file input-v7.cif (mmCIF, C-alpha atoms and all ligand atoms)
data_data
#
loop_
_atom_site.label_atom_id
_atom_site.label_comp_id
_atom_site.auth_asym_id
_atom_site.auth_seq_id
_atom_site.Cartn_x
_atom_site.Cartn_y
_atom_site.Cartn_z
CA MET A 6 58.93 11.14 -14.00
CA THR A 7 58.80 13.79 -11.33
CA THR A 8 55.92 14.00 -8.92
CA SER A 9 55.00 17.37 -7.58
CA ILE A 10 53.53 17.26 -4.13
CA GLN A 11 51.30 20.25 -3.69
CA GLY A 12 51.00 21.56 -0.19
CA THR A 13 47.67 22.49 1.36
CA ALA A 14 46.22 25.94 0.78
CA SER A 15 47.74 27.30 3.98
CA GLN A 16 51.20 26.05 3.07
CA ARG A 17 50.94 27.55 -0.39
CA ARG A 18 50.20 30.94 1.06
CA LYS A 19 52.79 30.47 3.84
CA ALA A 20 50.43 30.29 6.76
CA ALA A 21 50.19 33.48 8.77
CA PRO A 22 50.95 33.43 12.50
CA ALA A 23 48.05 32.60 14.80
CA VAL A 24 47.45 32.76 18.55
CA LEU A 25 44.94 30.87 20.65
CA VAL A 26 44.01 32.74 23.82
CA LEU A 27 42.06 31.09 26.63
CA GLU A 28 39.95 33.16 28.96
CA ASP A 29 42.20 32.27 31.90
CA GLY A 30 45.11 33.92 30.08
CA ARG A 31 46.97 30.86 28.78
CA THR A 32 48.05 31.30 25.16
CA PHE A 33 49.35 29.00 22.43
CA ARG A 34 51.17 30.27 19.34
CA GLY A 35 50.92 28.47 16.01
CA ARG A 36 50.04 29.05 12.36
CA ALA A 37 46.76 29.93 10.70
CA TYR A 38 44.76 26.93 9.51
CA GLY A 39 41.69 27.44 7.34
CA ALA A 40 40.42 31.00 7.14
CA VAL A 41 42.57 33.84 8.47
CA GLY A 42 40.78 36.09 10.93
CA VAL A 43 39.37 36.13 14.44
CA THR A 44 36.89 33.82 16.11
CA PHE A 45 35.50 33.17 19.58
CA GLY A 46 33.70 30.27 21.21
CA GLU A 47 33.82 27.72 23.96
CA ALA A 48 37.03 25.63 23.85
CA VAL A 49 36.19 21.92 23.92
CA PHE A 50 38.14 18.84 22.89
CA SER A 51 37.07 15.85 20.85
CA THR A 52 38.86 12.53 21.16
CA GLY A 53 37.61 11.09 17.85
CA MET A 54 40.48 9.70 15.79
CA THR A 55 38.32 9.74 12.67
CA GLY A 56 35.13 11.44 11.52
CA TYR A 57 36.29 15.05 11.43
CA GLN A 58 33.78 15.94 8.72
CA GLU A 59 30.90 14.69 10.87
CA THR A 60 32.28 16.65 13.82
CA LEU A 61 32.69 19.89 11.89
CA THR A 62 29.17 19.74 10.45
CA ASP A 63 27.35 18.65 13.65
CA PRO A 64 25.07 21.62 14.49
CA SER A 65 25.52 20.87 18.21
CA TYR A 66 29.05 22.35 17.89
CA HIS A 67 27.64 25.79 17.06
CA ARG A 68 29.69 28.43 18.98
CA GLN A 69 32.33 25.91 20.06
CA VAL A 70 36.00 25.89 19.12
CA VAL A 71 36.91 22.24 18.73
CA VAL A 72 40.36 20.99 19.69
CA MET A 73 41.23 17.66 18.06
CA THR A 74 43.21 15.38 20.36
CA ALA A 75 44.18 13.20 17.37
CA PRO A 76 47.44 14.82 16.26
CA HIS A 77 47.05 14.30 12.53
CA VAL A 78 43.86 15.61 10.98
CA GLY A 79 42.78 16.00 7.35
CA ASN A 80 44.37 12.80 6.02
CA THR A 81 41.29 11.73 4.07
CA GLY A 82 40.47 15.20 2.79
CA VAL A 83 36.86 16.34 2.42
CA ASN A 84 34.17 14.40 0.56
CA ASP A 85 30.57 15.25 -0.31
CA ASP A 86 29.07 12.23 1.47
CA ASP A 87 29.91 12.56 5.15
CA PRO A 88 28.64 16.00 6.24
CA GLU A 89 25.90 15.87 8.87
CA SER A 90 24.38 19.18 7.74
CA LYS A 91 24.77 21.73 4.97
CA ARG A 92 27.65 23.63 6.54
CA ILE A 93 30.44 23.59 9.07
CA TRP A 94 29.11 24.72 12.44
CA VAL A 95 32.17 24.78 14.69
CA ALA A 96 33.22 28.31 15.56
CA GLY A 97 36.91 27.47 15.23
CA TYR A 98 39.19 24.49 14.70
CA VAL A 99 42.40 23.49 16.45
CA VAL A 100 44.72 20.90 14.97
CA ARG A 101 48.22 19.82 15.88
CA ASP A 102 49.53 18.63 12.55
CA PRO A 103 47.31 19.00 9.47
CA ALA A 104 47.77 16.46 6.67
CA ARG A 105 49.94 17.86 3.92
CA VAL A 106 48.55 15.58 1.24
CA PRO A 107 44.99 14.30 1.63
CA SER A 108 44.50 10.88 0.15
CA ASN A 109 41.21 9.03 -0.22
CA TRP A 110 39.14 7.85 -3.15
CA ARG A 111 36.21 9.97 -2.01
CA SER A 112 38.21 13.12 -1.31
CA ARG A 113 37.20 16.17 -3.35
CA ARG A 114 39.35 18.85 -1.70
CA SER A 115 41.60 19.38 1.30
CA LEU A 116 40.23 20.14 4.75
CA ASP A 117 42.21 23.36 4.80
CA GLU A 118 40.55 24.52 1.56
CA GLU A 119 37.14 23.60 2.91
CA LEU A 120 37.72 25.62 6.08
CA VAL A 121 38.85 28.59 3.96
CA GLN A 122 35.82 28.29 1.68
CA GLN A 123 33.44 28.23 4.62
CA GLY A 124 35.27 31.01 6.47
CA VAL A 125 36.18 28.86 9.48
CA VAL A 126 39.15 30.24 11.40
CA GLY A 127 41.54 27.63 12.76
CA ILE A 128 45.01 27.22 14.18
CA SER A 129 47.58 24.47 13.68
CA GLY A 130 51.00 23.63 15.00
CA ILE A 131 50.15 24.01 18.68
CA ASP A 132 50.57 21.49 21.49
CA THR A 133 47.01 20.14 21.51
CA ARG A 134 47.91 17.64 24.23
CA ALA A 135 48.91 20.43 26.61
CA LEU A 136 45.78 22.39 25.65
CA THR A 137 43.54 19.36 26.26
CA ARG A 138 45.14 18.67 29.64
CA HIS A 139 44.59 22.31 30.54
CA LEU A 140 40.89 22.08 29.62
CA ARG A 141 40.55 18.83 31.58
CA GLU A 142 42.05 20.44 34.66
CA ARG A 143 40.44 23.86 34.43
CA GLY A 144 37.27 22.99 32.52
CA ALA A 145 35.83 24.12 29.19
CA MET A 146 36.16 27.90 28.86
CA ARG A 147 35.92 30.71 26.36
CA VAL A 148 38.67 31.03 23.79
CA GLY A 149 39.69 33.19 20.86
CA ILE A 150 41.78 32.38 17.80
CA PHE A 151 43.49 35.35 16.18
CA SER A 152 45.43 34.93 12.95
CA GLY A 153 47.06 37.22 10.42
CA ASN A 154 50.18 39.27 10.07
CA ALA A 155 49.10 42.14 12.31
CA LEU A 156 47.90 40.66 15.60
CA PRO A 157 46.69 42.75 18.54
CA ASP A 158 48.71 42.61 21.77
CA GLU A 159 47.91 39.83 24.24
CA GLY A 160 46.07 42.09 26.67
CA THR A 161 43.69 43.24 23.95
CA MET A 162 43.10 39.69 22.75
CA LEU A 163 42.40 38.46 26.28
CA ALA A 164 39.94 41.29 26.92
CA GLU A 165 38.07 40.36 23.72
CA VAL A 166 37.90 36.69 24.72
CA ARG A 167 36.47 37.66 28.09
CA GLN A 168 33.73 39.67 26.38
CA ALA A 169 32.57 36.72 24.28
CA PRO A 170 29.29 35.08 25.35
CA GLU A 171 29.43 32.05 27.67
CA MET A 172 27.93 28.67 26.75
CA LYS A 173 26.07 28.48 30.06
CA GLY A 174 22.78 30.28 29.57
CA ALA A 175 23.03 30.29 25.75
CA SER A 176 19.89 29.55 23.73
CA LEU A 177 21.16 28.42 20.35
CA TYR A 178 18.94 25.72 18.86
CA GLU A 179 16.78 28.14 16.86
CA GLU A 180 19.91 29.44 15.10
CA VAL A 181 20.69 26.03 13.63
CA ALA A 182 17.27 24.38 13.12
CA THR A 183 15.43 24.21 9.81
CA LYS A 184 13.01 27.04 9.10
CA GLU A 185 10.80 24.85 6.91
CA THR A 186 9.39 21.37 7.46
CA TYR A 187 10.86 18.69 5.19
CA VAL A 188 10.21 15.00 4.82
CA VAL A 189 12.79 12.21 4.74
CA PRO A 190 11.02 9.28 3.04
CA ALA A 191 11.21 5.77 4.42
CA ILE A 192 13.44 3.31 2.60
CA GLY A 193 11.68 0.15 1.46
CA PRO A 194 13.12 -3.39 1.55
CA ASP A 195 14.20 -2.92 -2.10
CA GLY A 196 16.32 0.07 -1.09
CA GLU A 197 13.98 2.51 -2.86
CA ALA A 198 12.26 5.47 -1.21
CA VAL A 199 8.71 4.67 -0.13
CA PRO A 200 6.18 7.20 -1.57
CA ILE A 201 5.21 9.85 1.00
CA GLY A 202 2.19 8.70 2.98
CA ALA A 203 2.75 5.00 2.30
CA ALA A 204 5.38 4.20 4.95
CA LYS A 205 4.71 1.86 7.86
CA TYR A 206 5.43 4.52 10.50
CA THR A 207 5.40 8.30 10.55
CA VAL A 208 7.55 10.26 12.97
CA ALA A 209 7.43 13.98 13.73
CA ALA A 210 11.01 15.01 14.50
CA VAL A 211 11.48 18.34 16.26
CA ASP A 212 14.68 19.82 14.82
CA LEU A 213 16.83 21.44 17.49
CA GLY A 214 19.98 20.94 15.36
CA ILE A 215 19.40 17.48 13.94
CA LYS A 216 22.26 15.53 12.40
CA GLY A 217 21.50 14.19 8.92
CA MET A 218 22.16 10.58 9.86
CA THR A 219 19.37 10.55 12.46
CA PRO A 220 16.35 10.65 10.11
CA GLN A 221 18.35 8.36 7.83
CA ARG A 222 18.60 5.71 10.56
CA MET A 223 14.83 5.94 11.03
CA ALA A 224 14.18 5.84 7.27
CA GLU A 225 16.23 2.62 7.08
CA ARG A 226 13.71 1.12 9.50
CA GLY A 227 10.67 2.00 7.40
CA ILE A 228 9.91 5.30 9.12
CA GLU A 229 8.85 8.42 7.22
CA VAL A 230 10.33 11.35 9.09
CA HIS A 231 8.75 14.81 9.07
CA VAL A 232 11.43 17.17 10.32
CA LEU A 233 9.75 20.20 11.90
CA PRO A 234 11.26 23.56 12.86
CA ALA A 235 12.16 24.08 16.52
CA THR A 236 9.35 26.65 16.69
CA ALA A 237 6.71 24.05 15.71
CA SER A 238 3.51 23.98 17.76
CA VAL A 239 1.78 20.96 19.30
CA GLU A 240 -0.77 21.25 16.47
CA ASP A 241 2.03 21.12 13.88
CA ILE A 242 3.30 17.90 15.47
CA TYR A 243 -0.08 16.21 15.51
CA ALA A 244 -1.00 17.46 12.02
CA VAL A 245 1.56 14.90 10.82
CA GLU A 246 -0.50 12.15 12.52
CA PRO A 247 2.68 10.73 14.00
CA ASP A 248 3.15 7.21 15.36
CA GLY A 249 6.06 8.64 17.32
CA VAL A 250 7.68 11.97 18.15
CA PHE A 251 11.42 12.56 18.16
CA PHE A 252 13.45 15.39 19.75
CA SER A 253 16.90 15.89 18.25
CA ASN A 254 20.37 16.87 19.41
CA GLY A 255 21.22 20.56 19.41
CA PRO A 256 23.55 23.29 20.68
CA GLY A 257 23.33 25.43 23.80
CA ASP A 258 22.13 25.20 27.36
CA PRO A 259 19.07 22.97 27.97
CA GLU A 260 18.00 25.34 30.74
CA LYS A 261 17.19 27.81 27.96
CA ALA A 262 14.86 25.55 26.02
CA GLU A 263 11.42 26.48 27.33
CA HIS A 264 9.52 25.88 24.10
CA PRO A 265 10.92 22.36 23.45
CA VAL A 266 10.24 21.44 27.09
CA SER A 267 6.61 22.52 26.85
CA LEU A 268 6.21 20.72 23.49
CA MET A 269 7.65 17.57 25.03
CA ARG A 270 5.22 17.80 27.98
CA ALA A 271 2.31 18.01 25.53
CA VAL A 272 3.58 14.85 23.81
CA LEU A 273 3.97 13.10 27.18
CA GLU A 274 0.43 14.03 28.13
CA ARG A 275 -0.84 12.32 24.99
CA LYS A 276 1.36 9.27 25.66
CA THR A 277 2.63 9.24 22.07
CA PRO A 278 5.78 7.09 21.70
CA LEU A 279 8.71 9.42 22.26
CA PHE A 280 12.46 9.24 21.62
CA GLY A 281 15.09 11.89 22.28
CA ILE A 282 18.79 12.12 21.50
CA CYS A 283 21.31 14.32 23.34
CA PHE A 284 19.63 17.75 23.65
CA GLY A 285 16.42 15.69 23.35
CA ASN A 286 17.49 13.68 26.42
CA GLN A 287 18.10 16.87 28.37
CA ILE A 288 14.70 18.20 27.28
CA LEU A 289 13.06 14.97 28.51
CA GLY A 290 14.94 15.32 31.80
CA ARG A 291 13.63 18.84 32.22
CA ALA A 292 10.10 17.91 31.11
CA LEU A 293 10.07 15.27 33.86
CA GLY A 294 11.22 17.80 36.45
CA PHE A 295 14.93 16.94 36.71
CA GLY A 296 17.61 19.61 36.57
CA THR A 297 20.46 19.89 34.08
CA TYR A 298 23.98 21.09 34.80
CA LYS A 299 27.17 21.90 32.95
CA LEU A 300 29.87 19.25 33.00
CA LYS A 301 33.41 20.37 33.69
CA TYR A 302 34.66 19.59 30.19
CA GLY A 303 31.99 17.34 28.66
CA HIS A 304 32.10 14.18 26.58
CA ARG A 305 33.13 14.49 22.93
CA GLY A 306 34.45 11.64 20.85
CA ILE A 307 33.54 8.23 19.55
CA ASN A 308 34.97 5.96 22.24
CA GLN A 309 32.87 6.49 25.36
CA PRO A 310 31.78 3.41 27.35
CA VAL A 311 28.10 3.43 28.28
CA GLN A 312 26.16 0.78 30.13
CA ASP A 313 22.56 0.01 29.23
CA ARG A 314 21.26 -0.70 32.72
CA THR A 315 18.13 -2.36 31.35
CA THR A 316 20.25 -5.20 29.86
CA GLY A 317 23.61 -4.78 31.62
CA LYS A 318 25.37 -4.55 28.25
CA VAL A 319 28.22 -2.13 27.71
CA GLU A 320 28.48 -0.28 24.41
CA VAL A 321 31.15 1.98 22.98
CA THR A 322 29.46 5.14 21.80
CA ALA A 323 29.71 8.53 20.11
CA HIS A 324 29.26 11.60 22.32
CA ASN A 325 29.03 15.35 22.05
CA HIS A 326 27.63 16.94 25.15
CA GLY A 327 28.69 19.58 27.64
CA PHE A 328 25.58 19.46 29.82
CA ALA A 329 23.95 16.51 31.57
CA VAL A 330 20.73 15.54 33.38
CA ASP A 331 20.77 15.49 37.15
CA ALA A 332 18.68 12.41 37.97
CA PRO A 333 19.18 9.83 40.74
CA LEU A 334 20.99 6.68 39.58
CA ASP A 335 19.90 4.44 42.41
CA LYS A 336 16.13 4.80 42.47
CA VAL A 337 13.03 5.06 40.37
CA SER A 338 11.71 8.65 40.38
CA GLU A 339 8.07 9.66 40.54
CA THR A 340 7.33 12.29 37.88
CA PRO A 341 4.15 13.99 36.62
CA TYR A 342 4.25 11.44 33.76
CA GLY A 343 4.69 8.34 35.87
CA ARG A 344 7.79 6.53 37.05
CA ALA A 345 11.13 7.29 35.39
CA GLU A 346 14.59 5.79 35.72
CA VAL A 347 18.11 6.29 34.49
CA SER A 348 18.48 3.67 31.75
CA HIS A 349 22.07 4.39 30.66
CA VAL A 350 25.17 5.59 32.45
CA CYS A 351 28.67 6.57 31.31
CA LEU A 352 31.20 4.20 32.85
CA ASN A 353 33.98 6.81 32.88
CA ASP A 354 32.23 9.17 35.28
CA GLN A 355 28.72 7.85 36.10
CA VAL A 356 27.05 10.69 34.17
CA VAL A 357 23.40 10.04 33.23
CA GLU A 358 23.34 8.87 29.60
CA GLY A 359 19.72 7.82 29.19
CA LEU A 360 16.24 8.04 30.70
CA GLN A 361 13.18 5.90 30.36
CA LEU A 362 9.62 6.14 31.56
CA LEU A 363 8.15 3.01 33.06
CA ASP A 364 4.47 3.83 32.64
CA GLN A 365 4.44 5.13 29.09
CA PRO A 366 6.43 4.69 25.86
CA ALA A 367 9.12 7.35 26.18
CA PHE A 368 12.91 7.19 26.39
CA SER A 369 16.01 9.12 25.45
CA VAL A 370 19.79 8.90 25.36
CA GLN A 371 22.44 11.53 25.91
CA TYR A 372 24.76 10.07 23.30
CA HIS A 373 24.57 9.37 19.57
CA PRO A 374 23.11 6.05 18.37
CA GLU A 375 23.07 7.42 14.81
CA ALA A 376 26.84 6.90 15.00
CA ALA A 377 28.07 9.53 12.55
CA ALA A 378 30.91 9.17 13.13
CA GLY A 379 31.18 6.38 15.66
CA PRO A 380 30.70 2.73 16.45
CA HIS A 381 27.29 1.23 15.74
CA ASP A 382 26.83 -0.47 19.13
CA ALA A 383 23.82 1.69 20.02
CA ALA A 384 21.83 1.20 16.78
CA TYR A 385 19.37 -0.98 18.72
CA LEU A 386 17.86 2.18 20.21
CA PHE A 387 16.20 2.98 16.87
CA ASP A 388 14.74 -0.52 16.95
CA ARG A 389 13.44 0.15 20.46
CA PHE A 390 11.68 3.23 19.13
CA VAL A 391 10.06 1.11 16.38
CA GLU A 392 8.99 -1.44 19.02
CA LEU A 393 7.35 1.32 21.07
CA MET A 394 5.42 2.49 18.02
CA GLU A 395 4.47 -1.09 17.17
CA GLY A 396 3.39 -1.68 20.79
CA GLN A 397 1.16 1.38 20.72
CA ARG A 398 -0.69 -0.02 17.73
CA ALA A 399 -1.21 -3.48 19.15
N1 LIG B 1 24.80 17.12 20.97
C1 LIG B 1 23.90 17.73 21.73
O1 LIG B 1 22.70 17.64 21.53
C2 LIG B 1 24.44 18.60 22.83
C3 LIG B 1 23.43 19.04 23.83
C4 LIG B 1 23.87 20.23 24.65
N2 LIG B 1 24.05 21.37 23.81
C5 LIG B 1 25.15 19.88 25.38
O2 LIG B 1 26.19 20.39 25.06
O3 LIG B 1 25.12 19.10 26.29
#

call {"tool": "encode", "arguments": {"input": "input-v7.cif", "output": "structure tokens"}}
result
Amino acid sequence: MTTSIQGTASQRRKAAPAVLVLEDGRTFRGRAYGAVGVTFGEAVFSTGMTGYQETLTDPSYHRQVVVMTAPHVGNTGVNDDDPESKRIWVAGYVVRDPARVPSNWRSRRSLDEELVQQGVVGISGIDTRALTRHLRERGAMRVGIFSGNALPDEGTMLAEVRQAPEMKGASLYEEVATKETYVVPAIGPDGEAVPIGAAKYTVAAVDLGIKGMTPQRMAERGIEVHVLPATASVEDIYAVEPDGVFFSNGPGDPEKAEHPVSLMRAVLERKTPLFGICFGNQILGRALGFGTYKLKYGHRGINQPVQDRTTGKVEVTAHNHGFAVDAPLDKVSETPYGRAEVSHVCLNDQVVEGLQLLDQPAFSVQYHPEAAAGPHDAAYLFDRFVELMEGQRA
């Protein structure tokens, strides 16, 4: 019997040449991967060895070109279970050595085919280690990927990259958030969905780019989650009669998030239990009066060590952030909403990874306890949110 090994879509069509051009002029030449065309974004690297579907579909990657440090990507193909949203959000994808033959019982198609179908321009066959080291030394910067058989000259490509918008100052959450409210029902002890209105807790979640696993993690704990558009008003939040309010992850610069900051302040004034993840942590920081700043190259991956300073425990966690909160690590801060402290810190670089208020039930983390993909060490944070809601009732 002969076995025919079919190559990926790009091999079948003999992948066109592709060039990656960084805004500082460094270029890498490889082959087209995924859709053929031109794309721009902020070049960032992710150190996750697995979970590429969750990365690609995380709305927080909107307008970013993601460089995978894992050299071999696409091995398990693409399934219909792992996406974190309805589409791929990354602006471009950079892979060293794409899998030639995906193999997994859940796989429905190859990653290359999926990228083509969704029109995502990528590049493969470049030295992603050299590119990552460059970004670590010089910092995240704008990038373009150009592929096809008739490429412009390097000067033209570089000029186009330098005209692309910067991530600093970008307001992007409205572009990715739901336009309509939807409800994720709680899951009962029997594993069945609890009828709407009958769950133990109700949470209003402000969608700034929410990952699908986040309401799921709440639903697993008996919470009915009303996911509201980013443009929701304070009245919309309280119309849900929430036991708690949640602010999600999301793309862009937290300095350009006036509406979410004012919504969060209204929630803090009412002392409703509050939880924020990632962008939500930055919004809490700003609502309390702290600044935010852009990290040199950010944290992206599923292996970042974080210490919970309230217990001393260290957890290995999933991250995707390019900005961070500027809050003092060594003292309790006085804020308009009472005392606040840094609850979590990244052990690689001492970046603020969590905030908590001491005089009312509100906290947030900069990383991803929903763990999609990623280790589940931080799942206890959803339990903490439940405890805050329980405490408010007592
Ligand atoms: N995942 C997120 O919510 C990211 C938040 C913000 N856009 C950042 O890059 O820091």

call {"tool": "residues_near_point", "arguments": {"input": "input-v7.cif", "point": "(7.6, 9.1, 28.3)", "cutoff": "7 Å", "atoms": "all atoms listed in the file", "output": "list in words"}}
result
Leu273, Lys276, Leu279, Tyr342, Gln361, Leu362, Gln365, Pro366, Ala367 and Phe368 of chain A

call {"tool": "write_last_selection", "arguments": {"input": "input-v7.cif", "atoms": "C-alpha atoms", "output": "mmCIF file, in the coordinates of the input"}}
result
data_model
loop_
_atom_site.group_PDB
_atom_site.id
_atom_site.type_symbol
_atom_site.label_atom_id
_atom_site.label_comp_id
_atom_site.auth_asym_id
_atom_site.auth_seq_id
_atom_site.Cartn_x
_atom_site.Cartn_y
_atom_site.Cartn_z
ATOM 1 C CA LEU A 273 3.970 13.100 27.180
ATOM 2 C CA LYS A 276 1.360 9.270 25.660
ATOM 3 C CA LEU A 279 8.710 9.420 22.260
ATOM 4 C CA TYR A 342 4.250 11.440 33.760
ATOM 5 C CA GLN A 361 13.180 5.900 30.360
ATOM 6 C CA LEU A 362 9.620 6.140 31.560
ATOM 7 C CA GLN A 365 4.440 5.130 29.090
ATOM 8 C CA PRO A 366 6.430 4.690 25.860
ATOM 9 C CA ALA A 367 9.120 7.350 26.180
ATOM 10 C CA PHE A 368 12.910 7.190 26.390
#

call {"tool": "residues_near_ligand", "arguments": {"input": "input-v7.cif", "ligand": "ligand LIG 1 (chain B)", "cutoff": "9 Å", "atoms": "all atoms listed in the file", "output": "PDB file with C-alpha atoms, in the coordinates of the input"}}
result
ATOM      1  CA  ASP A  63      27.350  18.650  13.650  1.00  0.00           C
ATOM      2  CA  PRO A  64      25.070  21.620  14.490  1.00  0.00           C
ATOM      3  CA  SER A  65      25.520  20.870  18.210  1.00  0.00           C
ATOM      4  CA  TYR A  66      29.050  22.350  17.890  1.00  0.00           C
ATOM      5  CA  HIS A  67      27.640  25.790  17.060  1.00  0.00           C
ATOM      6  CA  MET A 172      27.930  28.670  26.750  1.00  0.00           C
ATOM      7  CA  LEU A 177      21.160  28.420  20.350  1.00  0.00           C
ATOM      8  CA  TYR A 178      18.940  25.720  18.860  1.00  0.00           C
ATOM      9  CA  LEU A 213      16.830  21.440  17.490  1.00  0.00           C
ATOM     10  CA  GLY A 214      19.980  20.940  15.360  1.00  0.00           C
ATOM     11  CA  ILE A 215      19.400  17.480  13.940  1.00  0.00           C
ATOM     12  CA  SER A 253      16.900  15.890  18.250  1.00  0.00           C
ATOM     13  CA  ASN A 254      20.370  16.870  19.410  1.00  0.00           C
ATOM     14  CA  GLY A 255      21.220  20.560  19.410  1.00  0.00           C
ATOM     15  CA  PRO A 256      23.550  23.290  20.680  1.00  0.00           C
ATOM     16  CA  GLY A 257      23.330  25.430  23.800  1.00  0.00           C
ATOM     17  CA  ASP A 258      22.130  25.200  27.360  1.00  0.00           C
ATOM     18  CA  PRO A 259      19.070  22.970  27.970  1.00  0.00           C
ATOM     19  CA  ILE A 282      18.790  12.120  21.500  1.00  0.00           C
ATOM     20  CA  CYS A 283      21.310  14.320  23.340  1.00  0.00           C
ATOM     21  CA  PHE A 284      19.630  17.750  23.650  1.00  0.00           C
ATOM     22  CA  GLY A 285      16.420  15.690  23.350  1.00  0.00           C
ATOM     23  CA  ASN A 286      17.490  13.680  26.420  1.00  0.00           C
ATOM     24  CA  GLN A 287      18.100  16.870  28.370  1.00  0.00           C
ATOM     25  CA  TYR A 298      23.980  21.090  34.800  1.00  0.00           C
ATOM     26  CA  LYS A 299      27.170  21.900  32.950  1.00  0.00           C
ATOM     27  CA  LEU A 300      29.870  19.250  33.000  1.00  0.00           C
ATOM     28  CA  GLY A 303      31.990  17.340  28.660  1.00  0.00           C
ATOM     29  CA  HIS A 304      32.100  14.180  26.580  1.00  0.00           C
ATOM     30  CA  ARG A 305      33.130  14.490  22.930  1.00  0.00           C
ATOM     31  CA  HIS A 324      29.260  11.600  22.320  1.00  0.00           C
ATOM     32  CA  ASN A 325      29.030  15.350  22.050  1.00  0.00           C
ATOM     33  CA  HIS A 326      27.630  16.940  25.150  1.00  0.00           C
ATOM     34  CA  GLY A 327      28.690  19.580  27.640  1.00  0.00           C
ATOM     35  CA  PHE A 328      25.580  19.460  29.820  1.00  0.00           C
ATOM     36  CA  ALA A 329      23.950  16.510  31.570  1.00  0.00           C
ATOM     37  CA  GLN A 371      22.440  11.530  25.910  1.00  0.00           C
ATOM     38  CA  TYR A 372      24.760  10.070  23.300  1.00  0.00           C
ATOM     39  CA  HIS A 373      24.570   9.370  19.570  1.00  0.00           C
TER      40      HIS A 373
END

call {"tool": "closest_residue", "arguments": {"input": "input-v7.cif", "among": "A:Leu156, A:Leu116, A:Val106, A:Val95", "to": "Gly42 (chain A)", "atoms": "all atoms listed in the file"}}
result
A:Leu156

call {"tool": "residues_around", "arguments": {"input": "input-v7.cif", "residues": "Arg222 (chain A)", "least_positions_apart": "6", "cutoff": "10 Å", "atoms": "only C-alpha atoms", "output": "count of residues only"}}
result
9

call {"tool": "atom_distance", "arguments": {"input": "input-v7.cif", "atom1": "CA of Gly249 (chain A)", "atom2": "CA of Asp195 (chain A)"}}
result
24.0 Å

call {"tool": "closest_residue", "arguments": {"input": "input-v7.cif", "among": "A:Leu334, A:Val78, A:Ala399, A:Leu386", "to": "Met223 (chain A)", "atoms": "only C-alpha atoms"}}
result
A:Leu386

call {"tool": "atom_distance", "arguments": {"input": "input-v7.cif", "atom1": "CA of Ala377 (chain A)", "atom2": "CA of Ala182 (chain A)"}}
result
18.4 Å

call {"tool": "residues_around", "arguments": {"input": "input-v7.cif", "residues": "region 21-36 of chain A", "least_positions_apart": "2", "cutoff": "6 Å", "atoms": "only C-alpha atoms", "output": "VMD selection string"}}
result
chain A and resid 128 to 131 147 to 154 166 to 167

call {"tool": "atom_distance", "arguments": {"input": "input-v7.cif", "atom1": "CA of Arg105 (chain A)", "atom2": "CA of Thr81 (chain A)"}}
result
10.6 Å

call {"tool": "closest_residue", "arguments": {"input": "input-v7.cif", "among": "A:Asp331, A:Gln309, A:Gly396, A:Asp117", "to": "Asn353 (chain A)", "atoms": "all atoms listed in the file"}}
result
A:Gln309

call {"tool": "closest_residue", "arguments": {"input": "input-v7.cif", "among": "A:Gln397, A:Phe295, A:Leu61, A:Lys184", "to": "Arg275 (chain A)", "atoms": "only C-alpha atoms"}}
result
A:Gln397

call {"tool": "closest_residue", "arguments": {"input": "input-v7.cif", "among": "A:Met146, A:Val181, A:Ala164, A:Leu360", "to": "Lys91 (chain A)", "atoms": "only C-alpha atoms"}}
result
A:Val181

call {"tool": "closest_residue", "arguments": {"input": "input-v7.cif", "among": "A:Ala224, A:Ala104, A:Val311, A:Val211", "to": "Val199 (chain A)", "atoms": "only C-alpha atoms"}}
result
A:Ala224

call {"tool": "residues_around", "arguments": {"input": "input-v7.cif", "residues": "region 134-143 of chain A", "least_positions_apart": "5", "cutoff": "7 Å", "atoms": "only C-alpha atoms", "output": "ChimeraX atom specification"}}
result
/A:50,74,302

call {"tool": "residues_around", "arguments": {"input": "input-v7.cif", "residues": "region 263-271 of chain A", "least_positions_apart": "4", "cutoff": "7 Å", "atoms": "all atoms listed in the file", "output": "ChimeraX atom specification"}}
result
/A:239,275,288-289,291-292

call {"tool": "residues_around", "arguments": {"input": "input-v7.cif", "residues": "Asp382 (chain A)", "least_positions_apart": "3", "cutoff": "7 Å", "atoms": "all atoms listed in the file", "output": "PyMOL selection string"}}
result
chain A and resi 320-322

call {"tool": "build_atoms", "arguments": {"input": "input-v7.cif", "residues": "region 303-308 of chain A", "atoms": "N, CA and C atoms", "output": "CSV table (one decimal), keeping the file's coordinate frame"}}
result
chain,number,residue,atom,x,y,z
A,303,GLY,N,32.9,18.0,29.6
A,303,GLY,CA,32.0,17.3,28.7
A,303,GLY,C,32.6,16.0,28.1
A,304,HIS,N,31.7,15.4,27.3
A,304,HIS,CA,32.1,14.2,26.6
A,304,HIS,C,32.0,14.4,25.1
A,305,ARG,N,33.2,14.3,24.4
A,305,ARG,CA,33.1,14.5,22.9
A,305,ARG,C,34.1,13.5,22.3
A,306,GLY,N,33.6,12.6,21.5
A,306,GLY,CA,34.4,11.6,20.8
A,306,GLY,C,33.6,10.4,20.4
A,307,ILE,N,34.3,9.4,20.0
A,307,ILE,CA,33.5,8.2,19.6
A,307,ILE,C,34.0,6.9,20.3
A,308,ASN,N,34.4,7.1,21.5
A,308,ASN,CA,35.0,6.0,22.2
A,308,ASN,C,34.5,6.0,23.7
